[in-house]
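**Student:** Supplied in structure tokens, the structure appears directly below.
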Amino acid sequence: QTIQPVYNFNAGPSALPAAVLEKAQKELINFRGTGMSVMELSHRSKPYEEVHNQVIERLKKLYSIPENYEVLFIQGGASLQFSMVPMNFLQTGKKAGYVMTGVWSEKAFAEAERLGDAYQVASTETDKHNHIPNPNELNYNEDDAYLHITTNNTIYGTQWKDYPDTGNVPLIADMSSDIMSKPIDVSKFALIYAGAQKNLGPSGVTVVIIRKDLLEKANPDNPTILKYATHAKNNSLYHTPPTFGIYMLGEVLGWIEECGGLEAVTQRNEEKAKLIYDVIDNSDGFYRGHAELESRSLMNITFRLADEALEKKFLAEAKDAGFVGLNGHRSVGGCRASAYNAVPVEACKALSEFMIQFQQSNH
Ligand code: PLP
């Protein structure tokens with residue numbers, strides 16, 4: 001049976017690089033001469049530990065992570081981090097500020113409120129989360145336990161371009177939907193977390209990059225598994241890690257290296273997003289972008305058409321033409337093209353051409 005090729009614009013889990021899938025397929029049954037699949041190896045065995053440590057090294061190298069940070073692999077998705085962050089750092093009698101830029105910040109804030117004294121530093125809700133607040137105009141307290149931001153808002157299609165300089169206040173970021181999409185200065189952050197399933201690999205692994213001094217500041221009364229220190233002390237091998245997901249994450253990072261590193265990836269992401277934003281901007285209002293220009297995400301491109309009936313027609317015809325995952329999130333409707341790292345330029349080119357043709361036939 002021949003399988004129709006698709007253009008995968010899913011928001012998450014999302015496209016993986018074809019080269020990575022092919023390599024994983026080749027290695028699936030007999031992993032590097034072990035006679036077993038990587039999934040069948042003991043997580044205490046040498047061949048697995050080599051994979052595990054190489055992934056950590058690749059992350060450190062690609063992001064130039066300073067020596068005073070730990071890279072951890074935790075399960076439970078980014079959603080567990082919504083709770084784990086306040087459980088560890090908000091039990092100290094201090095407050096934590098949250099910048100509310102979308103549904104995921106709201107979810108993170110809701111968990112923090114349950115566990116400690118959290119407040120909203122800024123919110124873009126009244127503008128339907130169509131922009132990012134000015135990072136230099138955030139009003140938080142200088143003695144807060146931390147400041148939390150969501151660097152890319154998957155649902156609304158907005159992205160922080162500059163991050164706030166928070167001085168002594170630890171900056172904590174949910175980077176689930178733009179991790180490894182561009183170079184960043186890790187030293188600006190005290191903790192970064194990201195579910196792997198958008199830019200890094202399959203679901204099941206959450207990457208946490210944490211500054212070491214935070215490990216000592218964390219609440220000592222947490223359950224063992226929910227302490228960052230437990231995972232740091234055990235090189236993320238305290239319990240059985242999601243070994244296959246970590247292996248795939250390593251292969252995706254290897255692919256980023258082969259693409260020329262993060263600078264090259266950013267350039268490609270800019271080119272891809274521009275293909276689609278240009279169609280929106282040149283459509284005389286036929287397509288209406290949701291995000292304000294300076295807050296536009298390179299990862300999730302959100303737009304609407306004149307009415308729901310036309311959107312339905314657009315989505316149905318796009319589906320027939322092989323485009324997958326263009327529906328907006330169920331909470332906001334409309335259309336969304338997620339052009340994460342692994343989405344090829346050709347897919348964005350094909351979508352931009354499809355959008356132009358659709359406009360010509362339906363204006
Ligand atoms: N944070 C952001 C920015 C997301 O986009 C998502 C998922 O789409 C999540 C958190 C939730 O991640 P998970 O499903 O890994 O818990």
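Residue numbering restarts at 1 for every chain of the structure tokens, chains are lettered A, B, ... in their displayed order, and ligands are numbered from 1 as they appear.
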Sort by chain and increasing residue number a table of all residues of range 85-118 of chain A within 6 Å of range 130-144 of chain A, each with its closest pair of atoms and their distance in Å to one decimal, counting only C-alpha atoms, and write it as a Markdown table.
**Tutor:**
```
| residue | atom | partner | partner_atom | distance |
| --- | --- | --- | --- | --- |
| A:Lys94 | CA | A:Asp144 | CA | 5.8 |
| A:Lys95 | CA | A:Asp144 | CA | 5.1 |
| A:Ala96 | CA | A:Asp144 | CA | 5.5 |
```
**Student:** Fewer than 2 positions away in the same chain doesn't count, so skip those; otherwise give me all residues within 12 Å of Ala18 in chain A, counting only C-alpha atoms, as a VMD selection string.
**Tutor:** chain A and resid 5 to 8 15 to 16 20 to 25 201 251 to 252 255 341 to 344
**Student:** To one decimal place in Å, what is the distance between CA of Pro47 in chain A and CA of Arg211 in chain A?
**Tutor:**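 Atom-to-atom, CA of Pro47 in chain A and CA of Arg211 in chain A are spaced 28.3 Å apart.
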**Student:** CA of Ala122 in chain A to CA of Tyr98 in chain A: how many Å, to one decimal?
**Tutor:**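 CA of Tyr98 in chain A lies 7.3 Å from CA of Ala122 in chain A.
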**Student:** For ligand 1, which residue out of A:Gly157, A:Pro242, A:Gly35, A:Pro17 is the nearest one, using only C-alpha atoms and all ligand atoms?
**Tutor:**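 So, comparing all the options, the nearest one is A:Gly157.
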**Student:** When you count only C-alpha atoms, which of these residues is closest to Leu293 in chain A: A:Lys217, A:Lys182, A:Lys227, A:Lys161?
**Tutor:**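 So, comparing all the options, the nearest one is A:Lys161.
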**Student:** Could you give me, as a PyMOL selection string, every polymer residue with an atom at most 9 Å away from an atom of ligand 1, counting only C-alpha atoms and all ligand atoms?
**Tutor:** chain A and resi 11-13+75-82+102-105+107-108+150-155+174-178+193-198+203-206
**Student:** What does the structure give for the distance between CA of Asn362 in chain A and CA of Gly285 in chain A, in Å to one decimal?
**Tutor:**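 It comes out at 12.9 Å.
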**Student:** To test your reading of the structure, identify every residue in range 132-344 of chain A that backbone DSSP assigns to strand (DSSP E or B), and report it as a PyMOL selection string.
**Tutor:** chain A and resi 146-150+152-153+158-159+171-174+191-195+206-211+288-289+296+300-304+323-324+327+335-338
**Student:** Considering only C-alpha atoms, state which residue in the set A:Asp307, A:Glu50, A:Asp117, A:Glu353 is at the smallest distance from Gly250 in chain A.
**Tutor:**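 Checking each of A:Asp307, A:Glu50, A:Asp117, A:Glu353 against Gly250 in chain A, counting only C-alpha atoms, the winner is A:Glu50.
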**Student:** Taking the DSSP secondary structure from the backbone, can you list the residues of range 52-288 of chain A that are helix (DSSP H, G or I), as a PyMOL selection string?
**Tutor:** chain A and resi 52-62+77-89+103-115+125-127+135-137+186-188+212-217+224-226+228-233+243-258+261-281
**Student:** Could you check which of A:Ala264, A:Val345, A:Met100, A:Ile210 is closest to Lys60 in chain A, using only C-alpha atoms?
**Tutor:**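 Looking only at the distances to Lys60 in chain A, the closest residue turns out to be A:Ile210.
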**Student:** Looking at only C-alpha atoms, which of A:Ile29, A:Val186, A:Ile276, A:Leu298 is the one that sits closest to Cys348 in chain A?
**Tutor:** A:Ile276
**Student:** Point out the residue among A:Ile209, A:Ile184, A:Ile225, A:Val51 with the least atom-to-atom distance to Asp162 in chain A, counting only C-alpha atoms.
**Tutor:**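 Nearest to Asp162 in chain A: A:Ile184.
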